[in-house]
file start.csv (CSV, C-alpha atoms and all ligand atoms)
chain,number,residue,atom,x,y,z
A,1,MET,CA,-138.6,47.6,119.5
A,2,ALA,CA,-136.1,50.1,118.3
A,3,THR,CA,-135.2,51.8,115.0
A,4,GLU,CA,-132.0,50.1,113.7
A,5,ARG,CA,-129.7,50.2,110.7
A,6,THR,CA,-128.4,47.2,108.9
A,7,LEU,CA,-125.9,46.7,106.0
A,8,SER,CA,-127.3,45.1,102.9
A,9,ILE,CA,-125.5,44.0,99.7
A,10,ILE,CA,-127.2,43.1,96.5
A,11,LYS,CA,-124.7,40.6,95.1
A,12,PRO,CA,-123.2,40.1,91.6
A,13,ASP,CA,-125.7,37.4,90.6
A,14,ALA,CA,-128.6,39.8,91.1
A,15,THR,CA,-126.9,43.0,89.7
A,16,LYS,CA,-126.0,41.0,86.5
A,17,ARG,CA,-129.7,40.0,86.1
A,18,ASN,CA,-130.9,43.7,86.6
A,19,LEU,CA,-132.8,42.8,89.8
A,20,THR,CA,-131.8,45.8,92.0
A,21,GLY,CA,-135.2,47.5,91.6
A,22,LYS,CA,-137.2,44.3,92.3
A,23,ILE,CA,-135.1,43.6,95.4
A,24,ASN,CA,-135.4,47.1,96.7
A,25,ALA,CA,-139.1,46.9,96.3
A,26,LYS,CA,-139.1,43.9,98.7
A,27,PHE,CA,-137.2,46.0,101.3
A,28,GLU,CA,-139.6,49.0,100.9
A,29,GLU,CA,-142.7,46.8,101.0
A,30,ALA,CA,-141.5,45.4,104.3
A,31,GLY,CA,-141.1,48.9,105.8
A,32,LEU,CA,-137.4,49.2,105.4
A,33,ARG,CA,-136.0,52.5,104.2
A,34,ILE,CA,-132.9,52.7,102.0
A,35,VAL,CA,-131.1,55.5,103.7
A,36,ALA,CA,-127.8,55.0,101.8
A,37,GLN,CA,-126.9,53.2,98.6
A,38,LYS,CA,-124.1,52.9,96.1
A,39,ARG,CA,-123.0,50.6,93.3
A,40,ILE,CA,-119.4,49.6,93.5
A,41,HIS,CA,-117.1,46.9,92.0
A,42,LEU,CA,-115.2,45.2,94.9
A,43,THR,CA,-111.7,43.9,94.4
A,44,LYS,CA,-111.1,40.4,95.7
A,45,ALA,CA,-109.0,41.8,98.5
A,46,GLN,CA,-111.9,44.2,99.6
A,47,ALA,CA,-114.3,41.2,99.5
A,48,GLY,CA,-111.9,39.2,101.5
A,49,GLU,CA,-111.6,41.8,104.2
A,50,PHE,CA,-115.4,42.2,104.4
A,51,TYR,CA,-115.9,38.4,104.8
A,52,LYS,CA,-112.7,37.8,106.9
A,53,VAL,CA,-114.9,36.1,109.6
A,54,HIS,CA,-115.3,33.2,107.0
A,55,ALA,CA,-111.6,33.0,106.1
A,56,GLU,CA,-111.2,29.4,107.4
A,57,ARG,CA,-114.3,28.1,105.6
A,58,PRO,CA,-113.8,25.9,102.6
A,59,PHE,CA,-116.0,28.3,100.4
A,60,TYR,CA,-114.1,31.5,101.3
A,61,ASP,CA,-112.0,31.7,98.2
A,62,GLU,CA,-115.0,31.0,95.9
A,63,LEU,CA,-117.0,33.6,97.9
A,64,CYS,CA,-114.4,36.3,97.4
A,65,ASP,CA,-114.0,35.5,93.7
A,66,PHE,CA,-117.8,35.7,93.3
A,67,MET,CA,-118.2,39.0,95.2
A,68,ALA,CA,-115.5,40.6,93.0
A,69,SER,CA,-116.9,39.1,89.7
A,70,ALA,CA,-119.3,42.0,88.9
A,71,PRO,CA,-120.8,45.1,90.6
A,72,VAL,CA,-122.6,45.0,93.9
A,73,VAL,CA,-125.0,47.5,95.4
A,74,VAL,CA,-124.2,48.2,99.1
A,75,GLN,CA,-127.0,49.8,101.1
A,76,VAL,CA,-128.0,50.9,104.6
A,77,LEU,CA,-131.5,49.8,105.5
A,78,GLU,CA,-133.3,51.5,108.4
A,79,GLY,CA,-136.5,50.6,110.3
A,80,GLU,CA,-138.0,49.0,113.3
A,81,SER,CA,-135.9,45.9,114.1
A,82,ALA,CA,-134.2,46.3,110.8
A,83,ILE,CA,-131.6,43.6,111.3
A,84,ALA,CA,-134.1,40.8,112.0
A,85,LYS,CA,-136.7,42.2,109.5
A,86,ASN,CA,-134.1,42.3,106.7
A,87,ARG,CA,-133.1,38.7,107.5
A,88,GLU,CA,-136.8,37.7,107.2
A,89,VAL,CA,-137.2,39.5,103.9
A,90,MET,CA,-134.0,37.8,102.5
A,91,GLY,CA,-134.9,34.3,103.6
A,92,ALA,CA,-132.6,31.4,104.5
A,93,THR,CA,-129.0,31.5,103.2
A,94,ASN,CA,-129.6,28.4,101.0
A,95,PRO,CA,-132.5,29.3,98.6
A,96,ALA,CA,-133.7,25.7,98.8
A,97,ASP,CA,-134.6,26.4,102.5
A,98,ALA,CA,-136.0,29.9,102.0
A,99,ASP,CA,-139.7,30.6,102.6
A,100,ALA,CA,-141.9,31.5,99.7
A,101,GLY,CA,-142.0,35.2,98.9
A,102,THR,CA,-138.5,35.9,100.3
A,103,ILE,CA,-135.8,37.4,98.1
A,104,ARG,CA,-133.7,34.3,98.1
A,105,ALA,CA,-136.7,32.0,97.3
A,106,GLU,CA,-137.6,34.2,94.3
A,107,PHE,CA,-134.2,35.2,93.0
A,108,ALA,CA,-131.2,33.3,94.4
A,109,GLU,CA,-129.4,30.8,92.2
A,110,SER,CA,-127.5,28.8,94.9
A,111,VAL,CA,-126.2,28.9,98.4
A,112,GLY,CA,-123.1,30.8,97.1
A,113,GLU,CA,-124.9,33.0,94.6
A,114,ASN,CA,-127.7,34.0,96.9
A,115,SER,CA,-128.5,37.5,95.7
A,116,VAL,CA,-128.2,39.4,99.0
A,117,HIS,CA,-126.2,39.7,102.2
A,118,GLY,CA,-127.5,41.2,105.4
A,119,SER,CA,-125.9,41.9,108.8
A,120,ASP,CA,-126.7,39.3,111.5
A,121,ALA,CA,-126.4,41.3,114.7
A,122,PRO,CA,-126.1,45.0,115.9
A,123,GLU,CA,-122.3,44.8,116.4
A,124,THR,CA,-121.7,43.4,112.9
A,125,ALA,CA,-124.2,45.9,111.4
A,126,ALA,CA,-122.2,48.8,112.8
A,127,GLU,CA,-118.9,47.3,111.6
A,128,GLU,CA,-120.3,46.5,108.1
A,129,ILE,CA,-121.9,49.9,107.6
A,130,ALA,CA,-118.7,51.6,108.6
A,131,TYR,CA,-116.8,49.4,106.1
A,132,PHE,CA,-118.7,51.0,103.2
A,133,PHE,CA,-120.1,54.3,104.3
A,134,ALA,CA,-119.1,57.5,106.0
A,135,GLY,CA,-121.6,59.0,108.4
A,136,LEU,CA,-122.3,61.9,106.1
A,137,GLU,CA,-123.4,59.4,103.3
A,138,ILE,CA,-126.3,58.0,105.4
A,139,VAL,CA,-129.4,60.2,105.2
A,140,GLY,CA,-132.3,59.0,107.3
B,1,LIG,P1,-123.9,35.8,103.3
B,1,LIG,O1,-125.1,36.1,104.1
B,1,LIG,O2,-123.4,36.9,102.4
B,1,LIG,O3,-122.7,35.4,104.3
B,1,LIG,C1,-121.6,34.5,103.9
B,1,LIG,C2,-121.9,33.9,102.6
B,1,LIG,O4,-121.1,32.8,102.3
B,1,LIG,C3,-123.3,33.5,102.4
B,1,LIG,O5,-124.2,34.6,102.4
B,1,LIG,C4,-123.2,32.6,101.2
B,1,LIG,O6,-123.3,33.4,100.0
B,1,LIG,C5,-121.8,32.1,101.3
B,1,LIG,N1,-121.9,30.6,101.6
B,1,LIG,C6,-122.4,30.1,102.7
B,1,LIG,N2,-122.3,28.7,102.7
B,1,LIG,C7,-121.7,28.5,101.5
B,1,LIG,C8,-121.4,27.3,100.8
B,1,LIG,N3,-121.6,26.1,101.4
B,1,LIG,N4,-120.8,27.4,99.6
B,1,LIG,C9,-120.6,28.6,99.0
B,1,LIG,N5,-120.9,29.7,99.6
B,1,LIG,C10,-121.5,29.7,100.8
call {"tool": "encode", "arguments": {"input": "start.csv", "output": "structure tokens", "more": "lines below"}}
Ligand code: CMP
result
Amino acid sequence: MATERTLSIIKPDATKRNLTGKINAKFEEAGLRIVAQKRIHLTKAQAGEFYKVHAERPFYDELCDFMASAPVVVQVLEGESAIAKNREVMGATNPADADAGTIRAEFAESVGENSVHGSDAPETAAEEIAYFFAGLEIVG
């Protein structure tokens, strides 16, 4: 096992309902450290660039509109196997499939408005972190 970093986004449905602290508590209880964090309001173009891997999916336009609809909190989480651990803490993409106690089971509203995003692999984590943060902004 190795210490890793992963990119997390607390999405508009969650920031609108003032859930940032409750979601951060889930990360910290699981042993993940928040080593960088900022609240920003993405433009649709910035959301589109972040999610460009999904550009051909039928939900892409809706996803980009949603991500630009209100502020998000972007974060770098650090810990042992942080990428997989964060995905466990988040739960399945569709909250209907998410295990009890996970962020999406407790807070997500739908598959589209599912409260959090987390990187899915080391390569995407590195790319996604670099999209939002300069190295000097990450303090482990
Ligand atoms: P996320 O982990 O941020 O990665 C891509 C996002 O696309 C995903 O979470 C969902 O929010 C969204 N998504 C996936 N499937 C659908 C769908 N069928 N309809 C709307 N949004 C979706």
call {"tool": "closest_residue", "arguments": {"input": "start.csv", "among": "A:Ala36, A:Ala2, A:Val72, A:Val53", "to": "Val116 (chain A)", "atoms": "all atoms listed in the file"}}
result
A:Val72
call {"tool": "residues_near_point", "arguments": {"input": "start.csv", "point": "(-125.0, 44.2, 89.4)", "cutoff": "9 Å", "atoms": "all atoms listed in the file", "output": "VMD selection string"}}
result
chain A and resid 10 to 20 39 to 41 70 to 73
call {"tool": "residues_near_ligand", "arguments": {"input": "start.csv", "ligand": "ligand LIG 1 (chain B)", "cutoff": "8 Å", "atoms": "only C-alpha atoms and all ligand atoms", "output": "list in words"}}
result
Ile9, Tyr51, His54, Pro58, Phe59, Tyr60, Glu62, Leu63, Thr93, Asn94, Val111, Gly112, Glu113, Asn114, Ser115, Val116, His117, Gly118 and Ser119 of chain A
call {"tool": "residues_around", "arguments": {"input": "start.csv", "residues": "Ala126 (chain A)", "least_positions_apart": "6", "cutoff": "9 Å", "atoms": "all atoms listed in the file", "output": "PyMOL selection string"}}
result
chain A and resi 5-7+119
call {"tool": "residues_around", "arguments": {"input": "start.csv", "residues": "region 102-105 of chain A", "least_positions_apart": "3", "cutoff": "6 Å", "atoms": "all atoms listed in the file", "output": "PyMOL selection string"}}
result
chain A and resi 89-91+95+98-99+108
call {"tool": "write_last_selection", "arguments": {"input": "start.csv", "atoms": "C-alpha atoms", "output": "CSV table (one decimal), in the coordinates of the input"}}
result
chain,number,residue,atom,x,y,z
A,89,VAL,CA,-137.2,39.5,103.9
A,90,MET,CA,-134.0,37.8,102.5
A,91,GLY,CA,-134.9,34.3,103.6
A,95,PRO,CA,-132.5,29.3,98.6
A,98,ALA,CA,-136.0,29.9,102.0
A,99,ASP,CA,-139.7,30.6,102.6
A,108,ALA,CA,-131.2,33.3,94.4
call {"tool": "atom_distance", "arguments": {"input": "start.csv", "atom1": "CA of Met67 (chain A)", "atom2": "CA of Ala47 (chain A)"}}
result
6.2 Å
call {"tool": "atom_distance", "arguments": {"input": "start.csv", "atom1": "CA of Thr43 (chain A)", "atom2": "CA of Ala55 (chain A)"}}
result
16.0 Å
call {"tool": "atom_distance", "arguments": {"input": "start.csv", "atom1": "CA of Gly31 (chain A)", "atom2": "CA of Lys85 (chain A)"}}
result
8.8 Å
call {"tool": "closest_residue", "arguments": {"input": "start.csv", "among": "A:Leu136, A:Tyr131, A:Gln37, A:Leu32", "to": "Glu78 (chain A)", "atoms": "all atoms listed in the file"}}
result
A:Leu32
call {"tool": "residues_around", "arguments": {"input": "start.csv", "residues": "Ile34 (chain A)", "least_positions_apart": "4", "cutoff": "7 Å", "atoms": "all atoms listed in the file", "output": "PyMOL selection string"}}
result
chain A and resi 75-78
call {"tool": "residues_near_point", "arguments": {"input": "start.csv", "point": "(-138.0, 45.5, 118.7)", "cutoff": "9 Å", "atoms": "all atoms listed in the file", "output": "list of chain:residue names"}}
result
A:Met1, A:Ala2, A:Thr3, A:Glu80, A:Ser81, A:Ala82
call {"tool": "closest_residue", "arguments": {"input": "start.csv", "among": "A:Glu49, A:Glu4, A:Asp61, A:Glu88", "to": "Phe27 (chain A)", "atoms": "all atoms listed in the file"}}
result
A:Glu88
